[in-house]
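Visitor: Before we start, here is the structure in question, set down as structure tokens.
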Amino acid sequence: MATDPSEYEKAIPLLAAHLAKIERAVDRTRTSHAGQPFAEVHQALAEALQDEDARNVVPQVVEELARQISEAPASR
């Protein structure tokens, strides 16, 4: 079953918008929670993703992003 290439072209703006929501949530969480305990970062990231209406982010991706933010040095 082949997929029409135009379907990919139609999906690109939707994917770009979704990725922008995720990026805003991650940036906001990184700014406010870098270096904090994983549980706090994970909760803040989950809330930021919800605030951005960024649904369907794979849980393992959220956990990995939270881990990276938690392990990053806090910016002053």
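By order in the structure tokens, chains are A, B, ...; within a chain, residues start at 1; ligands start at 1, following the order shown.
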Give me, as a ChimeraX atom specification, the residues of chain A that a backbone DSSP run labels alpha helix (DSSP H).
Guide: /A:5-33,38-51,59-71
Visitor: Give me, as a tab-separated table, each residue of segment 40-61 of chain A that comes within 7 Å of segment 21-34 of chain A, together with its shortest interatomic pair and the distance in Å at one decimal, counting only C-alpha atoms, with rows ordered by chain and rising residue number.
Guide:
```
residue	atom	partner	partner_atom	distance
A:Val41	CA	A:His33	CA	5.9
A:Ala44	CA	A:Thr29	CA	6.4
A:Leu45	CA	A:Thr29	CA	5.7
A:Ala48	CA	A:Ala25	CA	4.9
A:Leu49	CA	A:Ala25	CA	5.3
A:Glu52	CA	A:Lys21	CA	5.6
A:Ala54	CA	A:Lys21	CA	5.8
```
Visitor: Please, could you write that set of residues out with all heavy atoms as a PDB file, in the first residue's frame?
Guide:
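Dumped everything to selection-v3.pdb:
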```pdb
ATOM      1  N   VAL A  41      11.208  18.223  37.768  1.00  0.00           N
ATOM      2  CA  VAL A  41      11.356  18.563  36.347  1.00  0.00           C
ATOM      3  C   VAL A  41      10.319  17.816  35.523  1.00  0.00           C
ATOM      4  O   VAL A  41       9.668  18.395  34.644  1.00  0.00           O
ATOM      5  CB  VAL A  41      12.787  18.245  35.847  1.00  0.00           C
ATOM      6  CG1 VAL A  41      12.892  18.463  34.340  1.00  0.00           C
ATOM      7  CG2 VAL A  41      13.812  19.086  36.586  1.00  0.00           C
ATOM      8  N   ALA A  44       6.950  19.423  35.994  1.00  0.00           N
ATOM      9  CA  ALA A  44       6.902  20.727  35.330  1.00  0.00           C
ATOM     10  C   ALA A  44       6.826  20.573  33.819  1.00  0.00           C
ATOM     11  O   ALA A  44       6.081  21.301  33.141  1.00  0.00           O
ATOM     12  CB  ALA A  44       8.126  21.553  35.714  1.00  0.00           C
ATOM     13  N   LEU A  45       7.577  19.618  33.281  1.00  0.00           N
ATOM     14  CA  LEU A  45       7.552  19.381  31.837  1.00  0.00           C
ATOM     15  C   LEU A  45       6.197  18.861  31.400  1.00  0.00           C
ATOM     16  O   LEU A  45       5.644  19.308  30.388  1.00  0.00           O
ATOM     17  CB  LEU A  45       8.667  18.414  31.436  1.00  0.00           C
ATOM     18  CG  LEU A  45       8.764  18.084  29.951  1.00  0.00           C
ATOM     19  CD1 LEU A  45       8.921  19.349  29.102  1.00  0.00           C
ATOM     20  CD2 LEU A  45       9.913  17.111  29.709  1.00  0.00           C
ATOM     21  N   ALA A  48       3.905  21.768  31.355  1.00  0.00           N
ATOM     22  CA  ALA A  48       4.209  22.674  30.244  1.00  0.00           C
ATOM     23  C   ALA A  48       3.711  22.093  28.923  1.00  0.00           C
ATOM     24  O   ALA A  48       3.165  22.819  28.083  1.00  0.00           O
ATOM     25  CB  ALA A  48       5.714  22.939  30.174  1.00  0.00           C
ATOM     26  N   LEU A  49       3.875  20.794  28.741  1.00  0.00           N
ATOM     27  CA  LEU A  49       3.366  20.152  27.520  1.00  0.00           C
ATOM     28  C   LEU A  49       1.844  20.250  27.463  1.00  0.00           C
ATOM     29  O   LEU A  49       1.272  20.516  26.402  1.00  0.00           O
ATOM     30  CB  LEU A  49       3.818  18.689  27.458  1.00  0.00           C
ATOM     31  CG  LEU A  49       5.299  18.484  27.163  1.00  0.00           C
ATOM     32  CD1 LEU A  49       5.706  17.038  27.468  1.00  0.00           C
ATOM     33  CD2 LEU A  49       5.624  18.845  25.724  1.00  0.00           C
ATOM     34  N   GLU A  52       0.825  23.743  26.547  1.00  0.00           N
ATOM     35  CA  GLU A  52       1.057  23.990  25.121  1.00  0.00           C
ATOM     36  C   GLU A  52       0.117  23.175  24.238  1.00  0.00           C
ATOM     37  O   GLU A  52       0.150  23.314  23.023  1.00  0.00           O
ATOM     38  CB  GLU A  52       2.508  23.672  24.744  1.00  0.00           C
ATOM     39  CG  GLU A  52       3.523  24.658  25.247  1.00  0.00           C
ATOM     40  CD  GLU A  52       3.447  26.005  24.561  1.00  0.00           C
ATOM     41  OE1 GLU A  52       2.874  26.108  23.456  1.00  0.00           O
ATOM     42  OE2 GLU A  52       3.970  26.969  25.139  1.00  0.00           O
ATOM     43  N   ALA A  54       0.372  20.065  23.701  1.00  0.00           N
ATOM     44  CA  ALA A  54       1.233  19.138  22.960  1.00  0.00           C
ATOM     45  C   ALA A  54       0.911  17.722  23.429  1.00  0.00           C
ATOM     46  O   ALA A  54       1.459  17.222  24.403  1.00  0.00           O
ATOM     47  CB  ALA A  54       2.705  19.462  23.199  1.00  0.00           C
TER      48      ALA A  54
END
```
Visitor: When you count only C-alpha atoms, which of these residues is closest to Ala17 of chain A: A:Gly35, A:Gln68, A:His42, A:Arg55?
Guide: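 Among A:Gly35, A:Gln68, A:His42, A:Arg55, it is A:Arg55 that comes nearest to Ala17 of chain A.
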Visitor: Which is closer to Glu63 of chain A than all the others in A:Thr3, A:Ala20, A:Ala46, A:Asp51, using only C-alpha atoms?
Guide: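 Checking each of A:Thr3, A:Ala20, A:Ala46, A:Asp51 against Glu63 of chain A, counting only C-alpha atoms, the winner is A:Ala46.
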Visitor: So that I can see what lies close to segment 36-39 of chain A, please list as a list in words the residues with an atom at most 9 Å from it, counting only C-alpha atoms and leaving out residues fewer than 5 positions away in the same chain.
Guide: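 Contacts, in chain order: Ala44, Glu63, Ala66, Arg67, Gln68, Ile69, Ser70, Glu71, Ala72, Pro73 and Ala74 of chain A.
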Visitor: Taking N, CA and C atoms for each residue, export the selection above as a tab-separated table (two decimals), in the first residue's frame.
Guide:
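Result file follows (selection.tsv):
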```tsv
chain	number	residue	atom	x	y	z
A	44	ALA	N	6.95	19.42	35.99
A	44	ALA	CA	6.90	20.73	35.33
A	44	ALA	C	6.83	20.57	33.82
A	63	GLU	N	10.38	11.47	29.67
A	63	GLU	CA	11.31	11.07	30.74
A	63	GLU	C	12.75	11.43	30.39
A	66	ALA	N	13.20	15.21	30.61
A	66	ALA	CA	13.22	15.59	32.02
A	66	ALA	C	14.55	15.23	32.66
A	67	ARG	N	15.08	14.07	32.32
A	67	ARG	CA	16.38	13.66	32.86
A	67	ARG	C	17.47	14.63	32.42
A	68	GLN	N	17.47	14.98	31.14
A	68	GLN	CA	18.49	15.91	30.63
A	68	GLN	C	18.38	17.27	31.29
A	69	ILE	N	17.16	17.76	31.47
A	69	ILE	CA	16.97	19.05	32.11
A	69	ILE	C	17.41	18.99	33.57
A	70	SER	N	17.08	17.90	34.24
A	70	SER	CA	17.45	17.72	35.63
A	70	SER	C	18.96	17.69	35.82
A	71	GLU	N	19.65	17.07	34.88
A	71	GLU	CA	21.10	16.92	35.00
A	71	GLU	C	21.87	18.15	34.50
A	72	ALA	N	21.18	19.06	33.84
A	72	ALA	CA	21.84	20.26	33.32
A	72	ALA	C	22.15	21.22	34.45
A	73	PRO	N	23.26	21.93	34.33
A	73	PRO	CA	23.55	22.92	35.37
A	73	PRO	C	22.52	24.04	35.33
A	74	ALA	N	22.13	24.52	36.49
A	74	ALA	CA	21.15	25.61	36.57
A	74	ALA	C	21.80	26.88	36.05
```
Visitor: May I ask for the distance between atom CA of Val58 of chain A and atom CA of Glu40 of chain A, given in Å to one decimal place?
Guide: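 Atom CA of Val58 of chain A sits 18.7 Å away from atom CA of Glu40 of chain A.
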Visitor: Can you work out the spacing between atom CA of Pro59 of chain A and atom CA of Glu9 of chain A in Å, to one decimal?
Guide: 27.1 Å
